[in-house]
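Okay, so here's the structure we're looking at.
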Amino acid sequence: MIKFWGKSVYKGIALGPVVLLGSPKHPIKRKKALSPASETQRVKNAVEQSKEQLAALHEKALKEVGKAHAAIFEIHQMMLEDEDYLDAIYHMIRTEGVNAEYAVAVTGDNFSDIFAGMDDDYMKARAADVKDISDRLVRNLSGQGDAAPSLSQPSILVAEDLSPSETVQLDKKNILAFVTVHGSTNSHTAILARMMNIPALVGVPLKLDQLFCGMSAIVDGFSGSVIFDPTDEQAKAAKEKLQAELANQQLLLKLKGKENVTLGGRKINIYANIGSVSDIGYALENDAGGIGLFRSEFLYLGKTSFPTEEEQLQAYRQAAQMLADKNVIIRTLDIGADKQADSFHLDKEENPAMGYRAIRICLKQPEIFKIQLRAILRACVYGNLSIMYPMITSVWEVKEIFRIVKEVQEELDKAQLPYRLPQQGIMIETPAAVMICDELAKMVDFFSIGTNDLTQYTLAIDRQNEKLDDFYQPHHPAILKMIQMVVESAHRHGKWAGICGELGADLSLTEEFVRMGVDELSVAPSMILKLRKRVREIQDI
Ligand code: PEP
Ligand code: MG
């Protein structure tokens with residue numbers, strides 16, 4: 001039995017087998033090869049095995065995420081046939097008499113450095129691909145198998161770290177819990193875990209090489225602990241806790257169909273935050289009144305090319321249709337900072353959170369923005385969609401957005417494509433937007449307060465930096481005063497204001513939000529019924 005503590009992202013209990021994602025970074029040892037011919041043959045076998053794995057991944061991705069997403073696995077298969085790359089490996093084995101693992105790792109690093117040093121952005125991006133295929137070969141040579149296991153049974157996923165793009169590619173239905181060595185509780189990976197309704201711990205000081213796939217573990221998101229190889233008593237206690245938790249959830253389900261109304265009769269909308277169309281199921285199961293934040297950038301992550309207008313139209317249309325007449329608020333592309341999409345080839349920045357991200361990219365690269373706007377406007381004819389723009393700091397940005405939207409309308413008119421201009425709102429997630437909210441309220445239909453970024457920018461704390469988790473205080477009076485200001489300003493101008501940051505789900509603040517007059521709270525689907533319960537207990541005002 002080994003027990004570790006970490007920071008809990010979602011409170012829940014999970015019990016099951018461990019799957020290690022990625023391999024611990026062992027230095028690959030240089031060894032003298034007994035027979036260069038057999039080392040060469042081992043590489044050839046590993047290449048075949050890798051190609052089979054990639055073909056299977058391609059097949060799976062085609063079904064689950066579509067052609068564009070799946071293409072990366074085809075590219076990797078082609079790279080494994082590259083003669084220059086393979087010859088360099090065989091040459092090293094022959095001339096230096098080294099083991100296959102070492103020759104592959106060194107050649108992979110060399111090729112990756114060459115690509116990284118190229119001027120062309122596309123070629124630069126290939127550096128990571130060479131590294132990826134070399135790592136796969138090394139894993140296969142050393143018998144460690146596939147890095148991204150397709151989970152064949154419900155499992156607890158343990159990893160050094162997970163990026164948002166890795167997270168979106170996982171087979172969610174078989175993940176019982178996440179445990180990662182790195183990561184902050186405010187990161188998008190943590191947000192995804194909350195959305196998926198599964199216990200998750202980050203910042204757990206694990207040594208991955210002490211663990212192995214298949215060993216059993218208990219993740220307790222209430223206490224923030226994970227136990228590997230638990231004793232029988234510990235497993236029994238966890239099962240009991242899990243049963244109690246399930247019973248609790250059953251009680252919450254009784255609230256389905258009920259109103260979000262305080263004892264004094266004040267109503268509030270409770271909506272769901274989602275990252276993809278596949279999350280809509282969770283939102284509906286939990287009786288969401290609508291979708292308050294569709295993080296559309298997840299359509300762009302993990303892909304080598306931008307999603308086309310038609311692909312986006314499909315996604316937004318499906319969302320609109322699944323929610324029938326309920327409101328679905330699509331947040332336009334919020335790429336950048338921790339959400340890096342290969343297709344954007346974004347430069348490395350000193351301060352990514354304060355850098356080229358979200359609406360800034362859209363205004364600088366309107367050709368990309370317009371594709372998304374066209375898709376949203378066209379999808380509006382299928383249901384009750386709204387648009388929301390992220391990271392606004394100035395009035396001129398909103399004016400520029402509206403100018404581009406107008407151009408899009410003219411293009412759609414010209415092409416005689418059916419569309420509708422929906423309600424347009426903005427996210428209030430920068431202190432600048434709070435300070436000018438009166439001017440902004442005159443221009444837009446609604447506000448949605450993004451407390452995750454608002455906390456980061458107001459308190460000058462990088463939300464990704466795990467060392468600063470203790471300083472990241474969304475309860476800070478500055479944040480609460482800002483929320484009050486924004487709500488009052490919206491109401492003065494006849495508009496509504498909601499909260500779609502994680503703070504909206506903080507049950508200790510629900511009463512205060514209701515008192516402030518917040519009109520809508522948009523939260524992870526798993527929090528909707530808990531929040532409804534809390535609202536219905538509020539004595540009143
Ligand atoms: C926020 O900043 O509060 C927000 C909802 O947006 P994101 O977390 O996606 O940055
Ligand atoms: Mg934000």
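Chain identifiers are assigned as A, B, and so on, following the order in which chains appear in the structure tokens; residues are numbered from 1 within each chain, and ligands are numbered from 1 in order of appearance.
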Considering only C-alpha atoms and all ligand atoms, tabulate each residue of chain A that lies at most 7 Å from ligand 2 along with its nearest interatomic pair and the corresponding distance in Å to one decimal; arrange the rows by chain and ascending residue number and present them as CSV.
```
residue,atom,partner,partner_atom_place_in_ligand_line,distance
A:Pro390,CA,ligand 2,1 (Mg),6.7
A:Met391,CA,ligand 2,1 (Mg),6.7
A:Glu429,CA,ligand 2,1 (Mg),6.2
A:Gly450,CA,ligand 2,1 (Mg),5.4
A:Asn452,CA,ligand 2,1 (Mg),5.9
A:Asp453,CA,ligand 2,1 (Mg),4.7
```
Could you give me, as a ChimeraX atom specification, every polymer residue with an atom at most 9 Å away from an atom of ligand 1, counting only C-alpha atoms and all ligand atoms?
/A:186-188,191,273,293,295,297,331,334,390-391,427-430,448-456,499-503,522
From the options A:Ile538, A:Ile28, A:Val138, A:Val18, which residue's atoms come nearest to Ser152 (chain A), counting only C-alpha atoms?
A:Val18
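Closest approach to Met485 (chain A) among A:Val434, A:Val405, A:Ile461, A:Val535 is made by A:Val434 (distances from only C-alpha atoms).
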For region 2-15 of chain A, find every residue with an atom within 9 Å (counting only C-alpha atoms), except residues of its own chain fewer than 4 positions away, and show them as a ChimeraX atom specification.
/A:155-156,176-177,179-181,184-186,190-191,193-194,197-206,216-230,235,238-239,241-242,245
Can you tell me how far CA of Ile89 (chain A) sits from CA of Ala55 (chain A), in Å to one decimal?
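If I compute the distance from CA of Ile89 (chain A) to CA of Ala55 (chain A), I get 22.7 Å.
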Show which residues sit within 12 Å of Glu81 (chain A), as number ranges by chain. Count only C-alpha atoms, and ignore same-chain residues fewer than 5 positions away.
A: 44, 47-48, 50-51, 74-76, 86-87, 130, 133
Among A:Asp342, A:Asp232, A:Glu350, A:Glu310, Ala127 (chain A) is approached most closely, using only C-alpha atoms, by A:Asp342
Using only C-alpha atoms, determine which residues lie at most 7 Å from Thr107 (chain A), disregarding the query and same-chain residues fewer than 4 positions distant; provide the list as a PyMOL selection string.
chain A and resi 88-89+103+111
